[in-house]
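Taking it in order: structure first as structure tokens, then the write-up.
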Amino acid sequence: MVADPGSRRRADRPPLLLVTGLSGAGRTTALRALEDAGYEAVDNLPLSLLAPLVSAAVERPVAVGIDTRTRAFDPDALVRRIRAMARVGQEVRLLFIECDEPELVRRFNETRRRHPLAPDRPVADGIARERLLLAGLRGAADLVIDTTSQSPHDLRRLIGSHFGLQGPSGLALILQSFSYAKGLPRDADIVLDLRFLRNPHWQPELRARDGCDPAVQAFIRGDEGYQPAYQHIVALLLSSLPGYRREGRAYLTVAFGCTGGRHRSVAMAEAVASALADAGWSNRLMHRDLDPQPDDGLSLKRDMKEQG
């Protein structure tokens, strides 16, 4: 059977990224971050123009923002269209951005904006209606990002980590340290608890430093439980990452936690990131609860680590 030439052409094109989610959750911020990352970003494109956009010749990835204000918005029809495009060889990814209701209400109240689905009713009514309307899209999403506890800068960092960083491995791997006191990362796929290690916080000379500091790292490595844990973690990831890639996972976030998110989790994430990079697994390292970087606050703690 001869393959459809159009299918071959579409398969050669960059993937199409559809960005949707709850109003106020950060969809516009995500689109701007994607545009900064080199995507051609189009917001509120009428669904009737989606096919012509895909069929047009493009030289860079395209990100399209779609929400309940989009003309002729039909979530079920959109899911069917995504599946139809996939059948003819066009790679389509769906990003869904959500947020808890209390935080959305706070954001709308602070900006004094009306909810698009509740112009003359309480904001909570619009949120509930929109969440129900978008349930099918959320279920079909390749990636769901919850921005409840994230600032716009945090969201931009996540977008930069998840999109445009897939290297030869075909798997976007993010290693993230965090503080249990500030809550679990909502997008974590694997969570590792480092609170069994000795805490440098109780050493006056180390308290103000963080897990990137050689003295702090040496103190943590001196714990008799460190080396076995480090070896087991690296072995676990090296044995499981090929399986995640084989199963078609595009993104994987491994989170390392400790009480304050400054010492033990940071040191272990740093060590594991280096070991994985040495083994050929490109990764992006993020330290969620360290102090912001001194530049514009958008930089990651470390750029993508690549073999060699």
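Quick note on naming: the chains in the structure tokens go A, B, ... in the order shown, residues restart at 1 in each chain, and ligands are numbered from 1 in order of appearance.
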
>> Please list as an MDAnalysis selection string every residue within 10 Å of range 202-218 of chain A, counting only C-alpha atoms and excluding residues in the same chain fewer than 2 positions away.
In response: chainID A and resid 177 198:200 220:223 261:271 287 290:291 301

Pull N, CA and C atoms from the residues just selected and write them as an mmCIF file, in the first residue's frame.
```
data_model
loop_
_atom_site.group_PDB
_atom_site.id
_atom_site.type_symbol
_atom_site.label_atom_id
_atom_site.label_comp_id
_atom_site.auth_asym_id
_atom_site.auth_seq_id
_atom_site.Cartn_x
_atom_site.Cartn_y
_atom_site.Cartn_z
ATOM 1 N N SER A 177 14.553 19.984 42.989
ATOM 2 C CA SER A 177 14.570 19.924 44.446
ATOM 3 C C SER A 177 13.418 20.775 44.983
ATOM 4 N N ARG A 198 21.434 13.513 57.449
ATOM 5 C CA ARG A 198 21.761 14.559 58.423
ATOM 6 C C ARG A 198 21.494 15.930 57.818
ATOM 7 N N ASN A 199 20.949 16.800 58.623
ATOM 8 C CA ASN A 199 20.523 18.114 58.131
ATOM 9 C C ASN A 199 21.592 19.180 58.407
ATOM 10 N N PRO A 200 22.195 19.754 57.370
ATOM 11 C CA PRO A 200 23.200 20.814 57.568
ATOM 12 C C PRO A 200 22.626 22.055 58.224
ATOM 13 N N ILE A 220 26.932 16.310 53.687
ATOM 14 C CA ILE A 220 25.838 15.372 53.388
ATOM 15 C C ILE A 220 26.403 14.025 52.936
ATOM 16 N N ARG A 221 27.449 14.054 52.129
ATOM 17 C CA ARG A 221 28.062 12.797 51.694
ATOM 18 C C ARG A 221 28.656 12.020 52.866
ATOM 19 N N GLY A 222 28.973 12.723 53.942
ATOM 20 C CA GLY A 222 29.524 12.062 55.113
ATOM 21 C C GLY A 222 28.518 11.242 55.891
ATOM 22 N N ASP A 223 27.235 11.411 55.618
ATOM 23 C CA ASP A 223 26.209 10.592 56.261
ATOM 24 C C ASP A 223 26.326 9.166 55.731
ATOM 25 N N GLY A 261 14.244 22.460 51.581
ATOM 26 C CA GLY A 261 14.506 22.551 50.147
ATOM 27 C C GLY A 261 15.783 23.291 49.794
ATOM 28 N N ARG A 262 16.745 23.363 50.748
ATOM 29 C CA ARG A 262 17.962 24.141 50.504
ATOM 30 C C ARG A 262 19.235 23.305 50.538
ATOM 31 N N HIS A 263 19.247 22.210 51.307
ATOM 32 C CA HIS A 263 20.496 21.497 51.531
ATOM 33 C C HIS A 263 20.484 20.088 50.942
ATOM 34 N N ARG A 264 19.825 19.150 51.644
ATOM 35 C CA ARG A 264 19.897 17.742 51.267
ATOM 36 C C ARG A 264 19.288 17.478 49.895
ATOM 37 N N SER A 265 18.121 18.022 49.621
ATOM 38 C CA SER A 265 17.470 17.780 48.326
ATOM 39 C C SER A 265 18.274 18.392 47.184
ATOM 40 N N VAL A 266 18.828 19.571 47.422
ATOM 41 C CA VAL A 266 19.615 20.251 46.388
ATOM 42 C C VAL A 266 20.888 19.463 46.083
ATOM 43 N N ALA A 267 21.580 19.030 47.137
ATOM 44 C CA ALA A 267 22.832 18.297 46.943
ATOM 45 C C ALA A 267 22.598 16.990 46.203
ATOM 46 N N MET A 268 21.562 16.248 46.580
ATOM 47 C CA MET A 268 21.298 14.976 45.917
ATOM 48 C C MET A 268 20.871 15.193 44.470
ATOM 49 N N ALA A 269 20.024 16.194 44.222
ATOM 50 C CA ALA A 269 19.601 16.479 42.847
ATOM 51 C C ALA A 269 20.804 16.842 41.980
ATOM 52 N N GLU A 270 21.731 17.634 42.533
ATOM 53 C CA GLU A 270 22.937 18.000 41.795
ATOM 54 C C GLU A 270 23.757 16.765 41.438
ATOM 55 N N ALA A 271 23.944 15.875 42.411
ATOM 56 C CA ALA A 271 24.766 14.686 42.186
ATOM 57 C C ALA A 271 24.110 13.748 41.177
ATOM 58 N N HIS A 287 15.904 24.118 41.121
ATOM 59 C CA HIS A 287 15.833 24.152 42.577
ATOM 60 C C HIS A 287 14.685 25.091 42.950
ATOM 61 N N LEU A 290 15.054 27.424 46.394
ATOM 62 C CA LEU A 290 16.206 28.273 46.675
ATOM 63 C C LEU A 290 15.835 29.725 46.385
ATOM 64 N N ASP A 291 16.650 30.640 46.892
ATOM 65 C CA ASP A 291 16.370 32.049 46.630
ATOM 66 C C ASP A 291 16.422 32.309 45.138
ATOM 67 N N LYS A 301 18.456 27.080 37.562
ATOM 68 C CA LYS A 301 19.704 26.954 38.316
ATOM 69 C C LYS A 301 20.816 26.440 37.413
#
```

> Leaving out range 105-121 of chain A and any residue of its chain fewer than 6 positions from it, which residues lie within 8 Å of it when counting only C-alpha atoms, given as a count of residues only?
Replying inline: 7

> Taking only C-alpha atoms into account, which of A:Ala188, A:Val123, A:Leu171, A:Leu45 comes nearest Arg246 in chain A?
Replying inline: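 Counting only C-alpha atoms, the residue closest to Arg246 in chain A is A:Leu171.
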
>> Based on the backbone DSSP call, show me all residues of range 32-173 of chain A assigned strand (DSSP E or B), as a VMD selection string.
In response: chain A and resid 40 to 43 62 to 65 92 to 98 115 118 143 to 146 172 to 173

Can those selected residues be exported to a file as an mmCIF file, in the first residue's frame so that it contains N, CA and C atoms?
```
data_model
loop_
_atom_site.group_PDB
_atom_site.id
_atom_site.type_symbol
_atom_site.label_atom_id
_atom_site.label_comp_id
_atom_site.auth_asym_id
_atom_site.auth_seq_id
_atom_site.Cartn_x
_atom_site.Cartn_y
_atom_site.Cartn_z
ATOM 1 N N GLU A 40 6.216 29.729 17.094
ATOM 2 C CA GLU A 40 5.291 30.684 16.492
ATOM 3 C C GLU A 40 3.982 30.557 17.257
ATOM 4 N N ALA A 41 3.652 31.565 18.058
ATOM 5 C CA ALA A 41 2.502 31.490 18.955
ATOM 6 C C ALA A 41 1.310 32.232 18.379
ATOM 7 N N VAL A 42 0.153 31.560 18.373
ATOM 8 C CA VAL A 42 -1.086 32.140 17.871
ATOM 9 C C VAL A 42 -2.149 31.944 18.941
ATOM 10 N N ASP A 43 -2.807 33.017 19.343
ATOM 11 C CA ASP A 43 -3.796 32.927 20.422
ATOM 12 C C ASP A 43 -5.202 33.059 19.861
ATOM 13 N N VAL A 62 4.812 25.388 16.163
ATOM 14 C CA VAL A 62 3.673 26.293 16.309
ATOM 15 C C VAL A 62 2.937 25.964 17.600
ATOM 16 N N ALA A 63 2.623 26.991 18.376
ATOM 17 C CA ALA A 63 1.812 26.849 19.586
ATOM 18 C C ALA A 63 0.534 27.651 19.402
ATOM 19 N N VAL A 64 -0.604 27.017 19.610
ATOM 20 C CA VAL A 64 -1.896 27.658 19.408
ATOM 21 C C VAL A 64 -2.661 27.672 20.729
ATOM 22 N N GLY A 65 -3.048 28.871 21.164
ATOM 23 C CA GLY A 65 -3.840 29.010 22.373
ATOM 24 C C GLY A 65 -5.325 28.888 22.070
ATOM 25 N N VAL A 92 0.762 16.100 17.338
ATOM 26 C CA VAL A 92 0.036 17.149 18.054
ATOM 27 C C VAL A 92 0.161 16.880 19.545
ATOM 28 N N ARG A 93 0.535 17.901 20.298
ATOM 29 C CA ARG A 93 0.596 17.793 21.748
ATOM 30 C C ARG A 93 -0.410 18.763 22.352
ATOM 31 N N LEU A 94 -1.009 18.340 23.446
ATOM 32 C CA LEU A 94 -2.017 19.159 24.114
ATOM 33 C C LEU A 94 -1.548 19.458 25.535
ATOM 34 N N LEU A 95 -1.378 20.745 25.827
ATOM 35 C CA LEU A 95 -0.981 21.214 27.163
ATOM 36 C C LEU A 95 -2.201 21.830 27.833
ATOM 37 N N PHE A 96 -2.506 21.356 29.044
ATOM 38 C CA PHE A 96 -3.646 21.880 29.797
ATOM 39 C C PHE A 96 -3.121 22.541 31.070
ATOM 40 N N ILE A 97 -3.532 23.789 31.291
ATOM 41 C CA ILE A 97 -3.088 24.540 32.471
ATOM 42 C C ILE A 97 -4.289 24.763 33.389
ATOM 43 N N GLU A 98 -4.143 24.345 34.631
ATOM 44 C CA GLU A 98 -5.239 24.457 35.577
ATOM 45 C C GLU A 98 -4.781 25.103 36.878
ATOM 46 N N HIS A 115 -15.153 36.827 34.859
ATOM 47 C CA HIS A 115 -14.901 35.533 34.244
ATOM 48 C C HIS A 115 -15.652 35.467 32.919
ATOM 49 N N ALA A 118 -18.989 33.895 33.168
ATOM 50 C CA ALA A 118 -19.892 34.383 34.216
ATOM 51 C C ALA A 118 -19.796 35.898 34.297
ATOM 52 N N LEU A 143 0.120 16.806 28.829
ATOM 53 C CA LEU A 143 0.744 17.349 30.031
ATOM 54 C C LEU A 143 -0.226 18.305 30.699
ATOM 55 N N VAL A 144 -0.393 18.152 32.022
ATOM 56 C CA VAL A 144 -1.224 19.054 32.823
ATOM 57 C C VAL A 144 -0.310 19.777 33.802
ATOM 58 N N ILE A 145 -0.358 21.110 33.788
ATOM 59 C CA ILE A 145 0.429 21.920 34.722
ATOM 60 C C ILE A 145 -0.530 22.653 35.646
ATOM 61 N N ASP A 146 -0.338 22.481 36.940
ATOM 62 C CA ASP A 146 -1.150 23.155 37.949
ATOM 63 C C ASP A 146 -0.375 24.362 38.466
ATOM 64 N N ALA A 172 12.170 14.491 27.766
ATOM 65 C CA ALA A 172 12.481 15.707 28.508
ATOM 66 C C ALA A 172 12.521 15.361 29.993
ATOM 67 N N LEU A 173 13.711 15.341 30.552
ATOM 68 C CA LEU A 173 13.912 14.897 31.929
ATOM 69 C C LEU A 173 14.225 16.097 32.807
#
```

> Quick one: residues within 9 Å of range 75-80 of chain A, only C-alpha atoms counted, chain neighbours fewer than 5 positions away excluded, as JSON, numbers by chain?
Replying inline: {"A": [47, 68, 85, 133, 134, 135, 136, 137, 140]}

>> Under the rule that only C-alpha atoms are counted, which of A:Thr20, A:Ala33, A:Pro46, A:Glu101 is the nearest residue to Ile66 in chain A?
In response: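 When distances to Ile66 in chain A are compared using only C-alpha atoms, the smallest one comes from A:Thr20.
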
> Can you tell me how far CA of Ile82 in chain A sits from CA of Arg138 in chain A, in Å to one decimal?
Replying inline: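 Between these atoms lies a distance of 13.4 Å.
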
> In Å to one decimal, how far is CA of Leu175 in chain A from CA of Thr253 in chain A?
Replying inline: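 We find that CA of Thr253 in chain A and CA of Leu175 in chain A lie 5.9 Å from each other.
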
> Mind pulling up the distance from CA of Ser48 in chain A to CA of Leu22 in chain A?
Replying inline: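 Computing it gives 21.7 Å between the two atoms.
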
Write out as a PDB file with all heavy atoms, in the first residue's frame the residues lying within 6 Å of range 178-182 of chain A, counting only C-alpha atoms and excluding same-chain residues fewer than 5 positions away.
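Wrote part.pdb, looks like this:
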```pdb
ATOM      1  N   GLY A 257      13.056  15.898  47.737  1.00  0.00           N
ATOM      2  CA  GLY A 257      12.542  16.766  48.790  1.00  0.00           C
ATOM      3  C   GLY A 257      13.294  16.651  50.101  1.00  0.00           C
ATOM      4  O   GLY A 257      13.799  15.590  50.462  1.00  0.00           O
ATOM      5  N   CYS A 258      13.370  17.774  50.811  1.00  0.00           N
ATOM      6  CA  CYS A 258      13.838  17.776  52.201  1.00  0.00           C
ATOM      7  C   CYS A 258      13.037  18.848  52.931  1.00  0.00           C
ATOM      8  O   CYS A 258      12.163  19.483  52.342  1.00  0.00           O
ATOM      9  CB  CYS A 258      15.341  17.998  52.313  1.00  0.00           C
ATOM     10  SG  CYS A 258      15.927  19.614  51.742  1.00  0.00           S
ATOM     11  N   THR A 259      13.336  19.072  54.182  1.00  0.00           N
ATOM     12  CA  THR A 259      12.487  19.957  54.984  1.00  0.00           C
ATOM     13  C   THR A 259      12.428  21.373  54.417  1.00  0.00           C
ATOM     14  O   THR A 259      11.355  21.927  54.183  1.00  0.00           O
ATOM     15  CB  THR A 259      12.986  20.003  56.435  1.00  0.00           C
ATOM     16  OG1 THR A 259      13.049  18.679  56.958  1.00  0.00           O
ATOM     17  CG2 THR A 259      12.036  20.842  57.304  1.00  0.00           C
ATOM     18  N   GLY A 260      13.592  21.976  54.200  1.00  0.00           N
ATOM     19  CA  GLY A 260      13.623  23.364  53.746  1.00  0.00           C
ATOM     20  C   GLY A 260      13.903  23.536  52.274  1.00  0.00           C
ATOM     21  O   GLY A 260      13.841  24.659  51.761  1.00  0.00           O
ATOM     22  N   GLY A 261      14.244  22.460  51.581  1.00  0.00           N
ATOM     23  CA  GLY A 261      14.506  22.551  50.147  1.00  0.00           C
ATOM     24  C   GLY A 261      15.783  23.291  49.794  1.00  0.00           C
ATOM     25  O   GLY A 261      15.919  23.772  48.667  1.00  0.00           O
ATOM     26  N   ARG A 288      13.539  24.516  43.197  1.00  0.00           N
ATOM     27  CA  ARG A 288      12.321  25.307  43.330  1.00  0.00           C
ATOM     28  C   ARG A 288      12.351  26.300  44.478  1.00  0.00           C
ATOM     29  O   ARG A 288      11.864  27.436  44.338  1.00  0.00           O
ATOM     30  CB  ARG A 288      11.113  24.364  43.526  1.00  0.00           C
ATOM     31  CG  ARG A 288       9.770  25.059  43.432  1.00  0.00           C
ATOM     32  CD  ARG A 288       8.628  24.169  43.872  1.00  0.00           C
ATOM     33  NE  ARG A 288       8.608  23.982  45.318  1.00  0.00           N
ATOM     34  CZ  ARG A 288       7.663  23.279  45.959  1.00  0.00           C
ATOM     35  NH1 ARG A 288       6.717  22.669  45.266  1.00  0.00           N
ATOM     36  NH2 ARG A 288       7.697  23.167  47.283  1.00  0.00           N
ATOM     37  N   ASP A 289      12.918  25.894  45.606  1.00  0.00           N
ATOM     38  CA  ASP A 289      12.766  26.717  46.799  1.00  0.00           C
ATOM     39  C   ASP A 289      14.062  27.373  47.265  1.00  0.00           C
ATOM     40  O   ASP A 289      14.149  27.847  48.396  1.00  0.00           O
ATOM     41  CB  ASP A 289      12.160  25.878  47.931  1.00  0.00           C
ATOM     42  CG  ASP A 289      10.753  25.422  47.584  1.00  0.00           C
ATOM     43  OD1 ASP A 289       9.993  26.245  47.030  1.00  0.00           O
ATOM     44  OD2 ASP A 289      10.415  24.252  47.833  1.00  0.00           O
TER      45      ASP A 289
END
```

>> Please determine, counting only C-alpha atoms, which residue among A:Val234, A:Phe219, A:Gly225, A:Leu50 has the shortest atom-to-atom distance to Phe196 in chain A.
In response: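 Selected residue with least distance to Phe196 in chain A: A:Gly225.
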